[in-house]
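Asks: Structure file my_file-v9.cif (mmCIF, C-alpha atoms and all ligand atoms) right here:
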data_target
#
loop_
_atom_site.group_PDB
_atom_site.id
_atom_site.type_symbol
_atom_site.label_atom_id
_atom_site.label_comp_id
_atom_site.auth_asym_id
_atom_site.auth_seq_id
_atom_site.Cartn_x
_atom_site.Cartn_y
_atom_site.Cartn_z
ATOM 1 C CA MET V 15 94.195 107.543 110.648
ATOM 2 C CA SER V 16 90.459 106.834 110.788
ATOM 3 C CA SER V 17 89.227 103.238 110.789
ATOM 4 C CA ASN V 18 87.386 103.683 107.520
ATOM 5 C CA GLU V 19 89.855 105.373 105.266
ATOM 6 C CA VAL V 20 88.894 105.592 101.619
ATOM 7 C CA CYS V 21 91.077 105.048 98.568
ATOM 8 C CA LEU V 22 89.566 106.339 95.332
ATOM 9 C CA LEU V 23 90.015 104.066 92.289
ATOM 10 C CA ILE V 24 89.463 105.906 89.020
ATOM 11 C CA GLY V 25 90.459 105.806 85.361
ATOM 12 C CA ALA V 26 88.737 105.684 81.974
ATOM 13 C CA THR V 27 86.062 103.138 81.071
ATOM 14 C CA GLY V 28 87.311 99.600 80.500
ATOM 15 C CA VAL V 29 90.830 100.059 81.890
ATOM 16 C CA GLY V 30 90.233 97.189 84.330
ATOM 17 C CA LYS V 31 89.381 98.821 87.680
ATOM 18 C CA THR V 32 86.603 96.392 88.641
ATOM 19 C CA LEU V 33 88.638 93.305 87.755
ATOM 20 C CA LEU V 34 91.638 94.724 89.581
ATOM 21 C CA LEU V 35 89.553 95.310 92.697
ATOM 22 C CA LYS V 36 88.081 91.808 92.613
ATOM 23 C CA ARG V 37 91.582 90.348 92.267
ATOM 24 C CA LEU V 38 92.925 92.536 95.088
ATOM 25 C CA LEU V 39 90.112 91.458 97.417
ATOM 26 C CA ARG V 40 90.810 87.795 96.700
ATOM 27 C CA LEU V 41 94.557 88.298 97.132
ATOM 28 C CA SER V 42 94.096 90.101 100.454
ATOM 29 C CA LEU V 43 91.766 87.373 101.749
ATOM 30 C CA HIS V 44 93.487 84.232 100.467
ATOM 31 C CA GLY V 45 97.051 85.328 99.790
ATOM 32 C CA ALA V 46 96.809 84.342 96.114
ATOM 33 C CA VAL V 47 95.065 85.366 92.912
ATOM 34 C CA ASP V 48 92.880 82.693 91.301
ATOM 35 C CA VAL V 49 93.893 83.093 87.666
ATOM 36 C CA SER V 50 91.967 79.977 86.666
ATOM 37 C CA SER V 51 88.755 81.991 86.891
ATOM 38 C CA LEU V 52 88.047 85.309 85.208
ATOM 39 C CA PRO V 53 85.417 87.198 87.200
ATOM 40 C CA HIS V 54 82.745 88.735 85.029
ATOM 41 C CA THR V 55 82.656 92.529 85.055
ATOM 42 C CA LEU V 56 80.173 95.061 83.755
ATOM 43 C CA PRO V 57 80.875 98.766 83.230
ATOM 44 C CA THR V 58 80.497 100.434 86.625
ATOM 45 C CA VAL V 59 77.718 102.985 86.705
ATOM 46 C CA GLY V 60 78.065 105.049 89.855
ATOM 47 C CA SER V 61 80.520 103.722 92.393
ATOM 48 C CA ASN V 62 81.484 100.357 93.777
ATOM 49 C CA LEU V 63 82.725 100.046 97.371
ATOM 50 C CA THR V 64 84.983 97.202 98.476
ATOM 51 C CA ASP V 65 86.445 96.833 101.959
ATOM 52 C CA LEU V 66 89.932 95.428 102.255
ATOM 53 C CA THR V 67 91.559 94.492 105.551
ATOM 54 C CA LEU V 68 95.231 95.352 105.426
ATOM 55 C CA ARG V 69 97.475 94.996 108.419
ATOM 56 C CA ARG V 70 94.334 94.627 110.529
ATOM 57 C CA LYS V 71 93.010 97.970 109.363
ATOM 58 C CA LYS V 72 90.021 98.502 107.162
ATOM 59 C CA LEU V 73 90.491 100.329 103.889
ATOM 60 C CA THR V 74 87.501 101.065 101.713
ATOM 61 C CA VAL V 75 88.348 101.207 98.018
ATOM 62 C CA ARG V 76 85.807 103.245 96.099
ATOM 63 C CA GLU V 77 85.842 102.557 92.385
ATOM 64 C CA VAL V 78 84.038 105.232 90.421
ATOM 65 C CA GLY V 79 83.171 104.179 86.869
ATOM 66 C CA GLY V 80 84.912 105.769 83.909
ATOM 67 C CA CYS V 81 81.539 106.973 82.628
ATOM 68 C CA MET V 82 81.321 109.094 85.795
ATOM 69 C CA GLY V 83 84.485 111.038 84.862
ATOM 70 C CA PRO V 84 82.733 114.426 84.889
ATOM 71 C CA ILE V 85 81.790 113.954 88.560
ATOM 72 C CA TRP V 86 84.878 112.118 89.920
ATOM 73 C CA ARG V 87 85.712 115.393 91.562
ATOM 74 C CA SER V 88 82.784 115.146 93.947
ATOM 75 C CA TYR V 89 84.563 112.186 95.607
ATOM 76 C CA PHE V 90 87.956 113.872 96.003
ATOM 77 C CA SER V 91 87.438 115.448 99.424
ATOM 78 C CA ASP V 92 86.531 112.098 100.959
ATOM 79 C CA CYS V 93 89.735 110.181 100.217
ATOM 80 C CA ALA V 94 93.303 110.030 101.507
ATOM 81 C CA SER V 95 94.695 108.177 98.497
ATOM 82 C CA VAL V 96 93.958 107.788 94.803
ATOM 83 C CA ILE V 97 94.728 105.027 92.329
ATOM 84 C CA PHE V 98 94.520 106.146 88.713
ATOM 85 C CA VAL V 99 94.401 103.243 86.261
ATOM 86 C CA VAL V 100 95.548 103.420 82.647
ATOM 87 C CA ASP V 101 94.988 100.783 79.948
ATOM 88 C CA SER V 102 98.507 100.490 78.603
ATOM 89 C CA ALA V 103 97.302 98.677 75.476
ATOM 90 C CA ASN V 104 94.920 101.446 74.425
ATOM 91 C CA ILE V 105 96.905 104.167 72.676
ATOM 92 C CA ALA V 106 93.687 105.899 71.537
ATOM 93 C CA GLN V 107 92.841 106.608 75.178
ATOM 94 C CA VAL V 108 96.197 108.098 76.179
ATOM 95 C CA SER V 109 95.467 111.773 75.528
ATOM 96 C CA SER V 110 92.116 111.776 77.331
ATOM 97 C CA SER V 111 93.597 109.793 80.243
ATOM 98 C CA CYS V 112 96.481 112.239 80.412
ATOM 99 C CA ILE V 113 94.112 115.195 80.699
ATOM 100 C CA GLN V 114 92.087 113.387 83.360
ATOM 101 C CA LEU V 115 95.262 112.608 85.296
ATOM 102 C CA LEU V 116 96.376 116.242 85.168
ATOM 103 C CA THR V 117 92.979 117.338 86.449
ATOM 104 C CA VAL V 118 93.270 114.887 89.332
ATOM 105 C CA LEU V 119 96.811 115.898 90.290
ATOM 106 C CA SER V 120 96.060 119.601 90.186
ATOM 107 C CA ASP V 121 92.918 119.463 92.308
ATOM 108 C CA ASP V 122 93.352 121.185 95.623
ATOM 109 C CA ALA V 123 91.249 118.606 97.460
ATOM 110 C CA LEU V 124 93.887 115.993 96.583
ATOM 111 C CA ARG V 125 96.950 118.047 97.378
ATOM 112 C CA ASP V 126 97.811 115.824 100.378
ATOM 113 C CA ALA V 127 96.660 112.523 98.893
ATOM 114 C CA SER V 128 99.034 109.682 98.019
ATOM 115 C CA VAL V 129 98.725 108.877 94.328
ATOM 116 C CA LEU V 130 99.434 105.618 92.509
ATOM 117 C CA ILE V 131 99.263 105.366 88.725
ATOM 118 C CA ILE V 132 98.704 101.799 87.528
ATOM 119 C CA PHE V 133 99.541 100.770 83.980
ATOM 120 C CA ASN V 134 97.247 97.797 83.560
ATOM 121 C CA LYS V 135 96.783 95.168 80.827
ATOM 122 C CA ARG V 136 100.522 94.527 80.559
ATOM 123 C CA ASP V 137 99.666 91.022 79.311
ATOM 124 C CA MET V 138 98.262 92.244 76.006
ATOM 125 C CA PRO V 139 100.451 91.803 72.920
ATOM 126 C CA CYS V 140 99.775 95.373 71.752
ATOM 127 C CA THR V 141 100.782 96.952 75.045
ATOM 128 C CA MET V 142 102.984 100.052 74.865
ATOM 129 C CA SER V 143 106.496 99.860 76.273
ATOM 130 C CA LEU V 144 107.002 101.503 79.633
ATOM 131 C CA ALA V 145 109.329 104.048 78.036
ATOM 132 C CA GLU V 146 106.613 104.986 75.514
ATOM 133 C CA ILE V 147 104.010 105.367 78.228
ATOM 134 C CA ARG V 148 106.274 107.405 80.470
ATOM 135 C CA SER V 149 107.004 109.780 77.639
ATOM 136 C CA LEU V 150 103.389 110.023 76.393
ATOM 137 C CA PHE V 151 102.207 110.825 79.914
ATOM 138 C CA ARG V 152 105.243 113.048 80.543
ATOM 139 C CA LEU V 153 105.526 111.217 83.818
ATOM 140 C CA ASP V 154 108.845 112.643 84.910
ATOM 141 C CA GLU V 155 107.594 116.215 84.479
ATOM 142 C CA LEU V 156 104.302 115.367 86.164
ATOM 143 C CA ALA V 157 106.037 113.828 89.151
ATOM 144 C CA ALA V 158 108.362 116.815 89.421
ATOM 145 C CA CYS V 159 105.502 119.363 89.394
ATOM 146 C CA ALA V 160 102.779 117.545 91.327
ATOM 147 C CA PRO V 161 102.411 118.395 95.030
ATOM 148 C CA GLN V 162 101.669 114.747 95.919
ATOM 149 C CA PRO V 163 104.006 111.765 96.083
ATOM 150 C CA ILE V 164 103.302 109.717 92.942
ATOM 151 C CA GLY V 165 104.007 106.017 92.605
ATOM 152 C CA THR V 166 103.711 103.961 89.433
ATOM 153 C CA LEU V 167 103.180 100.221 88.989
ATOM 154 C CA GLU V 168 102.589 97.886 86.064
ATOM 155 C CA THR V 169 99.916 95.226 86.388
ATOM 156 C CA SER V 170 97.860 92.661 84.620
ATOM 157 C CA ALA V 171 94.575 92.164 86.423
ATOM 158 C CA LEU V 172 94.112 89.223 84.060
ATOM 159 C CA SER V 173 97.239 87.277 85.004
ATOM 160 C CA GLY V 174 97.717 88.777 88.470
ATOM 161 C CA THR V 175 101.139 90.262 87.678
ATOM 162 C CA GLY V 176 101.961 93.239 89.899
ATOM 163 C CA LEU V 177 98.929 92.913 92.175
ATOM 164 C CA ARG V 178 100.976 92.038 95.246
ATOM 165 C CA GLU V 179 102.856 95.312 94.762
ATOM 166 C CA VAL V 180 99.541 97.174 94.629
ATOM 167 C CA LEU V 181 98.543 95.644 97.969
ATOM 168 C CA THR V 182 101.916 96.612 99.408
ATOM 169 C CA TRP V 183 101.336 100.206 98.253
ATOM 170 C CA LEU V 184 97.857 100.197 99.828
ATOM 171 C CA GLU V 185 99.318 98.819 103.063
ATOM 172 C CA SER V 186 101.841 101.627 103.120
ATOM 173 C CA VAL V 187 98.999 104.109 102.747
ATOM 174 C CA VAL V 188 97.005 102.519 105.553
ATOM 175 C CA VAL V 189 99.882 102.519 108.053
ATOM 176 C CA LYS V 190 100.906 106.075 107.243
HETATM 177 N N1 LIG S 201 93.802 91.412 78.861
HETATM 178 C C1 LIG S 201 93.400 92.047 79.966
HETATM 179 N N2 LIG S 201 92.097 92.361 80.158
HETATM 180 C C2 LIG S 201 91.743 93.018 81.275
HETATM 181 C C3 LIG S 201 92.687 93.380 82.263
HETATM 182 N N3 LIG S 201 92.029 94.034 83.248
HETATM 183 C C4 LIG S 201 90.733 94.066 82.885
HETATM 184 N N4 LIG S 201 90.554 93.449 81.702
HETATM 185 C C5 LIG S 201 89.291 93.295 80.958
HETATM 186 O O1 LIG S 201 88.873 94.588 80.527
HETATM 187 C C6 LIG S 201 87.448 94.662 80.529
HETATM 188 C C7 LIG S 201 86.980 95.859 81.334
HETATM 189 O O2 LIG S 201 87.328 95.633 82.685
HETATM 190 P P1 LIG S 201 86.598 96.364 83.908
HETATM 191 O O3 LIG S 201 87.281 95.911 85.149
HETATM 192 O O4 LIG S 201 85.126 96.183 83.843
HETATM 193 O O5 LIG S 201 86.943 97.899 83.572
HETATM 194 P P2 LIG S 201 86.586 99.199 84.452
HETATM 195 O O6 LIG S 201 87.809 100.037 84.489
HETATM 196 O O7 LIG S 201 86.025 98.784 85.752
HETATM 197 O O8 LIG S 201 85.499 99.933 83.567
HETATM 198 P P3 LIG S 201 84.334 100.958 84.056
HETATM 199 O O9 LIG S 201 83.675 100.368 85.245
HETATM 200 O O10 LIG S 201 83.432 101.080 82.865
HETATM 201 O O11 LIG S 201 84.985 102.280 84.346
HETATM 202 C C8 LIG S 201 86.941 93.323 81.065
HETATM 203 O O12 LIG S 201 86.625 92.496 79.966
HETATM 204 C C9 LIG S 201 88.141 92.768 81.813
HETATM 205 O O13 LIG S 201 88.153 91.346 81.901
HETATM 206 C C10 LIG S 201 94.063 93.040 82.063
HETATM 207 O O14 LIG S 201 94.976 93.339 82.842
HETATM 208 N N5 LIG S 201 94.361 92.378 80.881
HETATM 209 MG MG MG S 202 84.216 99.076 86.697
#
Output the file's structure as C-alpha cells, nothing else.
Ligand SMILES: Nc1nc2c(ncn2[C@@H]2O[C@H](COP(=O)(O)OP(=O)(O)OP(=O)(O)O)[C@@H](O)[C@H]2O)c(=O)[nH]1
Ligand SMILES: [Mg+2]
Replies:
Amino acid sequence: MSSNEVCLLIGATGVGKTLLLKRLLRLSLHGAVDVSSLPHTLPTVGSNLTDLTLRRKKLTVREVGGCMGPIWRSYFSDCASVIFVVDSANIAQVSSSCIQLLTVLSDDALRDASVLIIFNKRDMPCTMSLAEIRSLFRLDELAACAPQPIGTLETSALSGTGLREVLTWLESVVVK
C-alpha cells in the first residue's frame, strides 16, 4: 500500500462530512472527541484534504462537497476506499442519495474499493429507524449485488457516537 493512500468522503450537501472529518482528525490525534465545542463548517466547494495518521501510516481523506456531485466521478480512480455519508434525519434526500450511491457502487473505477456507508445525524429526534433506512436504501440487495465489500455504521458527528468505529474501519483499510 502506498504511503499516501486516499479515502474519498462523499455524500449530499449538509450530511455532515466536514464536521465528521474534523471530529475524526481530533479523535485520531487526541484519542477523544471534544463535544464541548462544535466546529464551524461551511458548505465545501471543491474538495477538502485532511491527513490522518493511523497505525503509523498516513491516510489522506478527500472530502468532495455535495455540490460537486456531478464531478465526484473524476476522483474515483485516485482512491482505494470510499465513505458515503447519508443524513439519516433527512427523508427528502433519501431518493437522490440512493441514486448517487448506486452510481458510486456501479462505477468500474471503484470495483476494488472498500466502501463504508455512514448514517449520520443519529442524534436528531426526527431520525429514521435503521430498519427504515435499510429498506429505503434496499441495503441488503445492494450489498448482495455490489462487487465491493460494503460496511455500514451509524454516527453522530455532533455527539461523537460511532466515530471510533469509523476510525477502526479506516485503520482496517490502511493495513489491508
Ligand atoms: N444534529 C447534527 N448535526 C450535524 C451532524 N453532523 C453535521 N451536522 C451539522 O450539519 C451541518 C452541515 O454539516 P457539514 O459538515 O458542513 O456538511 P457537509 O456534508 O460537509 O456539506 P457539504 O460540504 O456542503 O457537502 C452543520 O451545521 C453541522 O454542524 C450530526 O451528526 N448531528
Ligand atoms: Mg463539507
Asks: Which residues sit within 6 Å of ligand LIG 201 (chain S), counting all atoms listed in the file, listed as a PyMOL selection string?
Replies: chain V and resi 26-33+55-58+79-80+134-135+137-138+170-172
Asks: Hey, can you check how far CA of Leu38 in chain V sits from CA of Asp92 in chain V?
Replies: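 Pair CA of Leu38 in chain V / CA of Asp92 in chain V returns 21.4 Å.
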Asks: So what do you get for CA of Val78 in chain V versus CA of Val118 in chain V, distance-wise?
Replies: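 Computed distance, CA of Val78 in chain V to CA of Val118 in chain V, equals 13.4 Å.
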Asks: When the PyMOL selection byres (((chain V and resi 126-133) around 10) and not hetatm) is applied to the file above, which residues end up in the set, as a ChimeraX atom specification?
Replies: /V:21-25,29-31,90-91,93-103,115,118-119,122-125,134-136,141-142,144,147,153,161-170,176,180,183-184,186-187
Asks: When the PyMOL selection byres (((chain V and resi 109) around 12) and not hetatm) is applied to the file above, which residues end up in the set, as number ranges by chain?
Replies: V: 26, 100-101, 104-108, 110-116, 147, 149-152
Asks: Of the candidates V:Arg148, V:His44, V:His54, V:Lys36, which shows the shortest atom-to-atom distance to Glu77 in chain V, using only C-alpha atoms?
Replies: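 Among the listed residues, the smallest separation from Glu77 in chain V belongs to V:Lys36.
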Asks: Report the distance between CA of Leu52 in chain V and CA of Arg69 in chain V in Å, rounded to one decimal place.
Replies: 26.9 Å
Asks: Taking into account only C-alpha atoms and all ligand atoms, which residue in the set V:Cys81, V:Ser51, V:Lys71, V:Asp65 is nearest to ligand MG 202 (chain S)?
Replies: V:Cys81
Asks: Between V:Ser173, V:Glu185, V:Ala158, V:Ala145, which has the minimum distance to Val49 in chain V (counting all atoms listed in the file)?
Replies: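 Ranking V:Ser173, V:Glu185, V:Ala158, V:Ala145 by distance to Val49 in chain V, first place goes to V:Ser173.
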Asks: Would you mind telling me which residue in V:Leu34, V:Leu68, V:Val59, V:Cys159 lies nearest to Val47 in chain V when using only C-alpha atoms?
Replies: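 Counting only C-alpha atoms, the residue closest to Val47 in chain V is V:Leu34.
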Asks: Of the candidates V:Pro139, V:Pro84, V:Arg70, V:Leu39, which shows the shortest atom-to-atom distance to Leu181 in chain V, using all atoms listed in the file?
Replies: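 Among V:Pro139, V:Pro84, V:Arg70, V:Leu39, it is V:Leu39 that comes nearest to Leu181 in chain V.
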Asks: Check the smallest atom-to-atom distance from each of V:Met82, V:Lys72, V:Leu43, V:Ala157 to ligand MG 202 (chain S) using all atoms listed in the file, then report the winner.
Replies: V:Met82
Asks: Set up a box along x, y and z of the file covering all listed atoms of range 93-105 of chain V, add 6 Å on every one of the six sides, and write the centre and edge lengths in Å to one decimal, as lines of an AutoDock Vina configuration file.
Replies:
center_x = 94.1
center_y = 104.4
center_z = 87.1
size_x = 20.8
size_y = 23.5
size_z = 40.8
